[in-house]
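Everything on this sheet refers to the single structure shown next.
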Amino acid sequence: MASFSQFGNDLYTGKRSFDFVKHRRIWFTIAVVMVVAAIVVPFLRGGFVFGIEFRGGSEFQVSQPATLDDGSIDQSVAVNAVKSVVSGATPKVSIVNGGDSVRVQTDLLQSDEVDQIRDALATGYEVDTNEVTSSFIGATWGADITRQALTALAVFIVLAAIVMALYFRTWKMSVAALIALFHDLVITAGVYGILGFEVTPAAVIGFLTILGYSLYDTVVVFDKIRENTSEGTSRTFGESVNLAVNQTLVRSINTSVVALLPIGSILFIGAFVLGAGTLRDISLALFIGVLVGTYSTIFIAAPLYATLRQNEVIVRNDDKKKTSVAARTTSGAVR
Amino acid sequence: MARSTPVKKAWRSLVWLAVIIVGLVGLNAAGVLFSGAGWTPKLALDLEGGTQIILAPKLESGQTVSTEQLDQAVAIIRQRIDASGVSESEINTQGTQNIVVSIPGIPDDETIARIESSAKLEFRPVIYTDVAATSNVDPTPEATDPAATPTPTPSLATTPTASPTDASDPNWVSPALFAEYQDFDCSTLDVAQTNVAPTDQPLITCEPDGAGNYTSKFLLGPVEVAGETISDASSGLIANSQGVSTGQWGVYITFNDEGTAQFAKVTTRLFGFAESDPRNRFAIVLDGKVISAPTTQGIITDGKPQISGSFTQQSAKTLADQLKFGALPIGFEVQSRDTISATLGSSQLLSGLLAGAIGLILVVLYSLIQYRTLGFVTIASLVVAATLTYLVVTLLSWREGYRLSLAGVAGLIVAIGITADSFIVYFERIRDELRDGRGLDSAVEAGWKRAIRTILASDAVNFLAAGILVALAVGNVRGFALTLGITTIIDLVVVALFTHPILQLLARTRFFGEGHPLSGLDSRALGAVYRGRAQFRAPVGIPSSKQVTSSREAAKRQTIAERKAAEAEAAGRKPVGTKGKDS
């Protein structure tokens, strides 16, 4: 691993440097294309698919179901019965009063599907079809939860912007960080829309985690930028920002790897071993979000901040002075 | 051997950490021994199952429930349940009339009462009062204004003799109503559950004491201040006029502007009656029962009255929560109460935990590869973080009703991965300082100063998110936010009270201090060139400007020996300081 720490050294000293700031037009173009795609593609596909928790659904109640030999009730019978009618469904099955009945909740169904599922449940649990009742259930994640969550989100974004502006002593860092955050959230949500995955509360919670993570990651890198740009150096503003991003690159890589390893293994087991469900929903949102969040700090937030500051009179004059000094004394640039 | 300050500080921090852990374990143990808490966190509905309560509206014949009323009721019930703790309950409508509340575990009567009672609060003036009929000793109304007492006529007219001028006016009381009042049996209230009258009509009702026996009955005027005008409510110990606590629990109410004006008007009028006159009193009626009927001892114009009655700490809090979130548009009663099993089998939880374990093993391997022996510090820090998280979650599930859902478990595993970021930020800062040619001791101190700034700033963002979501959001989002807040605080505690002190101590060891290649802090591999004890030649490849800033920094901290060495070095080399384009 000497090579990796050598890599770290070179990035730190500036011997090796990636031009994140210089080539910003490329990154900004990519970002705009991805954000547009993340909005347009799900829209073309017909919008997001919301889960039973958001839209409500159908509920079946099977009275006096047949038990297994040990007196317990097999929940998978109900799952299979629903899947035989609506493939890809993820019904929630619970046993009521230790065996009096089985409660099955599914997404909202057509009335012919309801009848088919009633038949399938009756066959599966060896009861008469009349013993299977169905009803509509409302959303557990109602409009009131969404409204409160959105209010909280708005308050958070405003306060976070103020806190960052106070800490960094410039509102431009807040703007750059929030634009990167917007990019992350749109793309993470877009992936759900593009893959056609159902949006469940678990996915929303993953989404909210990303909200925190994206800003967190940006603050770490911005803190290094703050340090570098407040020191008197011979670098132009853009170069100072770029050096800071390069110096924190090893941290960014290590952090994202360390964060992605547990998320990745939960995603793998959730998606391939268990299939659709809570684990897949939360870890997919997190996986994409952490990747995009780390990416956007480096390729969007930092270059954007440099752009925002570059046109300030003080920074511009300072940069001009430094470039001319550098041109005079440089016989060979250290790069 | 006299210890130097960083070592002393390091040991002090570690002792504090031990105190915190022992304290948490002790609290938990106390909970297990005395309050039936457990050593494991409680699980949420999806993993453990719970109770499903179906509520049906109490409708009079011909009355129907609209979808809006049902949605409103769901929202209010959700807020009431949330106010009692973070339980990850599920509340939804079923069919066109019913509300289903699913709660993990088995709810007690207090919880059921909290959910189903409508909590309609009314302030009505007292016209007549009497001891309750169930314990009736003296049937004559106490100290009523004889002039105002209508004489019951044989015909018992159902309309009052004159139209009333205000809500306290005895003219509200028709002879028939007065007869009904005199014959009223308070025990019928228990059968009817509530006693309602239109808000613009008089009401006959009773006041129960703490044990549920009715002590007095009332004939009340029309509603003068309605519960809808309450903007906030809280519970606490009631203080008397001298500000001394009476030891009695009560509810503090804050009215909105409309309520404040109405309340001031009522108290002004009631204060005009003699204190012995029952019409000096006003009754606070909750769901048709009087919870308290205090005398008016002053004109209340600030809109912040306090209600005392036969409250316990818990019932006061319940009422305050109910008042704060508003009355249900309709009353509900429990139609059925069934236990339900978990919707996710234990296999899901096990798979999640297995996945988490695999992920953490990968994290361990990666840390060891990246940071060599230093990786063990990461691992130890993660173990400490995991221990603290487990203890805090267990405590919260005992004290706050916090429940772990599968999403919560996944969130915690992931958060532990993200916690590692603080260590990475810190280690990289130390490495940066080593690259600048510092000895390990000072690199640890200087790296820490810079790292903790970054860690504090970035954790502040996370904590802000958590705090706002806990305060404003409802339902599952609140549970998530609590988890985020806990892990953020634990992250700070671990990095400050464990990772940093351990590194301070390790920096004194030969293995780390001399930068063994396997220590992960090998200054040679990091580009600083080691020349002898505590001396480094300026590493090749460092831009001159960086040397300027770092040497400026280093010069401030040089020892005499270092300064001499530097002078000797400077004599043999060109002084650094010429500037070149360097990035």
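For the structure tokens, the naming scheme is as follows: chains receive sequential letters (A, B, ...) according to their order of presentation, residues are indexed from 1 within each chain, and ligands are indexed from 1 in presentation order.
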* Close residues, A:Leu150 itself excluded, 12 Å, only C-alpha atoms, min 6 positions apart in chain, as a PyMOL selection string -> (chain A and resi 143-144+156-157+204+208) or (chain B and resi 468-469+472-474+477)
* Asked: DSSP says helix (DSSP H, G or I) for which residues of stretch 57-280 of chain A? Put them as JSON, numbers by chain?
  -> {"A": [75, 76, 77, 78, 79, 80, 81, 82, 83, 84, 85, 111, 112, 113, 114, 115, 116, 117, 118, 119, 120, 121, 122, 123, 124, 129, 130, 131, 143, 144, 145, 146, 147, 148, 149, 150, 151, 152, 153, 154, 155, 156, 157, 158, 159, 160, 161, 162, 163, 164, 165, 166, 167, 168, 171, 172, 173, 174, 175, 176, 177, 178, 179, 180, 181, 182, 183, 184, 185, 186, 187, 188, 189, 190, 191, 192, 193, 194, 195, 201, 202, 203, 204, 205, 206, 207, 208, 209, 210, 211, 212, 213, 214, 215, 216, 217, 218, 219, 220, 221, 222, 223, 224, 225, 226, 227, 228, 229, 230, 237, 238, 239, 240, 241, 242, 243, 244, 245, 246, 247, 249, 250, 251, 252, 253, 254, 255, 256, 257, 258, 259, 260, 261, 262, 263, 264, 265, 266, 267, 268, 269, 270, 271, 272, 273, 274, 278, 279, 280]}
* Output as JSON, numbers by chain all residues of stretch 31-269 of chain A that backbone DSSP marks as strand (DSSP E or B). => {"A": [49, 50, 57, 58, 59, 60, 61, 62, 63, 92, 93, 94, 95, 96, 101, 102, 103, 104, 105, 106, 107, 132, 133, 134, 135, 136, 137, 198, 199]}
C-alpha atoms of the current selection, written as an mmCIF file, in the first residue's frame:
data_model
loop_
_atom_site.group_PDB
_atom_site.id
_atom_site.type_symbol
_atom_site.label_atom_id
_atom_site.label_comp_id
_atom_site.auth_asym_id
_atom_site.auth_seq_id
_atom_site.Cartn_x
_atom_site.Cartn_y
_atom_site.Cartn_z
ATOM 1 C CA VAL A 49 -44.340 4.388 -7.725
ATOM 2 C CA PHE A 50 -45.350 4.959 -4.132
ATOM 3 C CA GLY A 57 -54.067 -0.386 -0.327
ATOM 4 C CA SER A 58 -56.147 -3.485 0.135
ATOM 5 C CA GLU A 59 -56.357 -5.594 3.236
ATOM 6 C CA PHE A 60 -57.425 -9.215 3.441
ATOM 7 C CA GLN A 61 -58.392 -11.041 6.576
ATOM 8 C CA VAL A 62 -58.441 -14.841 6.552
ATOM 9 C CA SER A 63 -60.410 -16.288 9.470
ATOM 10 C CA LYS A 92 -47.204 -7.423 4.564
ATOM 11 C CA VAL A 93 -48.486 -10.466 6.389
ATOM 12 C CA SER A 94 -49.196 -10.741 10.084
ATOM 13 C CA ILE A 95 -50.884 -13.293 12.287
ATOM 14 C CA VAL A 96 -53.702 -11.871 14.404
ATOM 15 C CA SER A 101 -56.765 -14.987 11.486
ATOM 16 C CA VAL A 102 -54.176 -13.827 9.008
ATOM 17 C CA ARG A 103 -53.952 -10.186 7.962
ATOM 18 C CA VAL A 104 -52.546 -9.478 4.509
ATOM 19 C CA GLN A 105 -51.911 -5.961 3.251
ATOM 20 C CA THR A 106 -51.098 -5.244 -0.360
ATOM 21 C CA ASP A 107 -50.893 -2.304 -2.733
ATOM 22 C CA VAL A 132 -61.633 -14.193 3.450
ATOM 23 C CA THR A 133 -62.761 -10.592 3.788
ATOM 24 C CA SER A 134 -61.227 -7.653 2.021
ATOM 25 C CA SER A 135 -61.287 -3.933 2.705
ATOM 26 C CA PHE A 136 -59.519 -0.739 1.775
ATOM 27 C CA ILE A 137 -56.960 0.711 4.113
ATOM 28 C CA GLU A 198 -41.431 1.438 -5.125
ATOM 29 C CA VAL A 199 -40.866 4.421 -2.832
#
* Give the answer as one residue: which of A:Leu286, A:Val163, A:Val155, A:Leu274 has the shortest atom-to-atom distance to A:Leu260, using only C-alpha atoms? =>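 That would be A:Leu286, the residue with the smallest distance to A:Leu260.
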* **Proximal residues of chain A relative to chain B (only C-alpha atoms; 7 Å) as a ChimeraX atom specification** => /A:2,5-6,9,13-15,92-97,135-140,144-145,148-149,152,156,160,202,205,212,216,219-220,223,233-234,239,251,255,258-259,261-263,265-266,269,278-279,282,326,329-330,333-335
* Could you check how far atom CA of B:Thr301 sits from atom CA of B:Ala119, in Å to one decimal? =>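 Between these atoms lies a distance of 24.5 Å.
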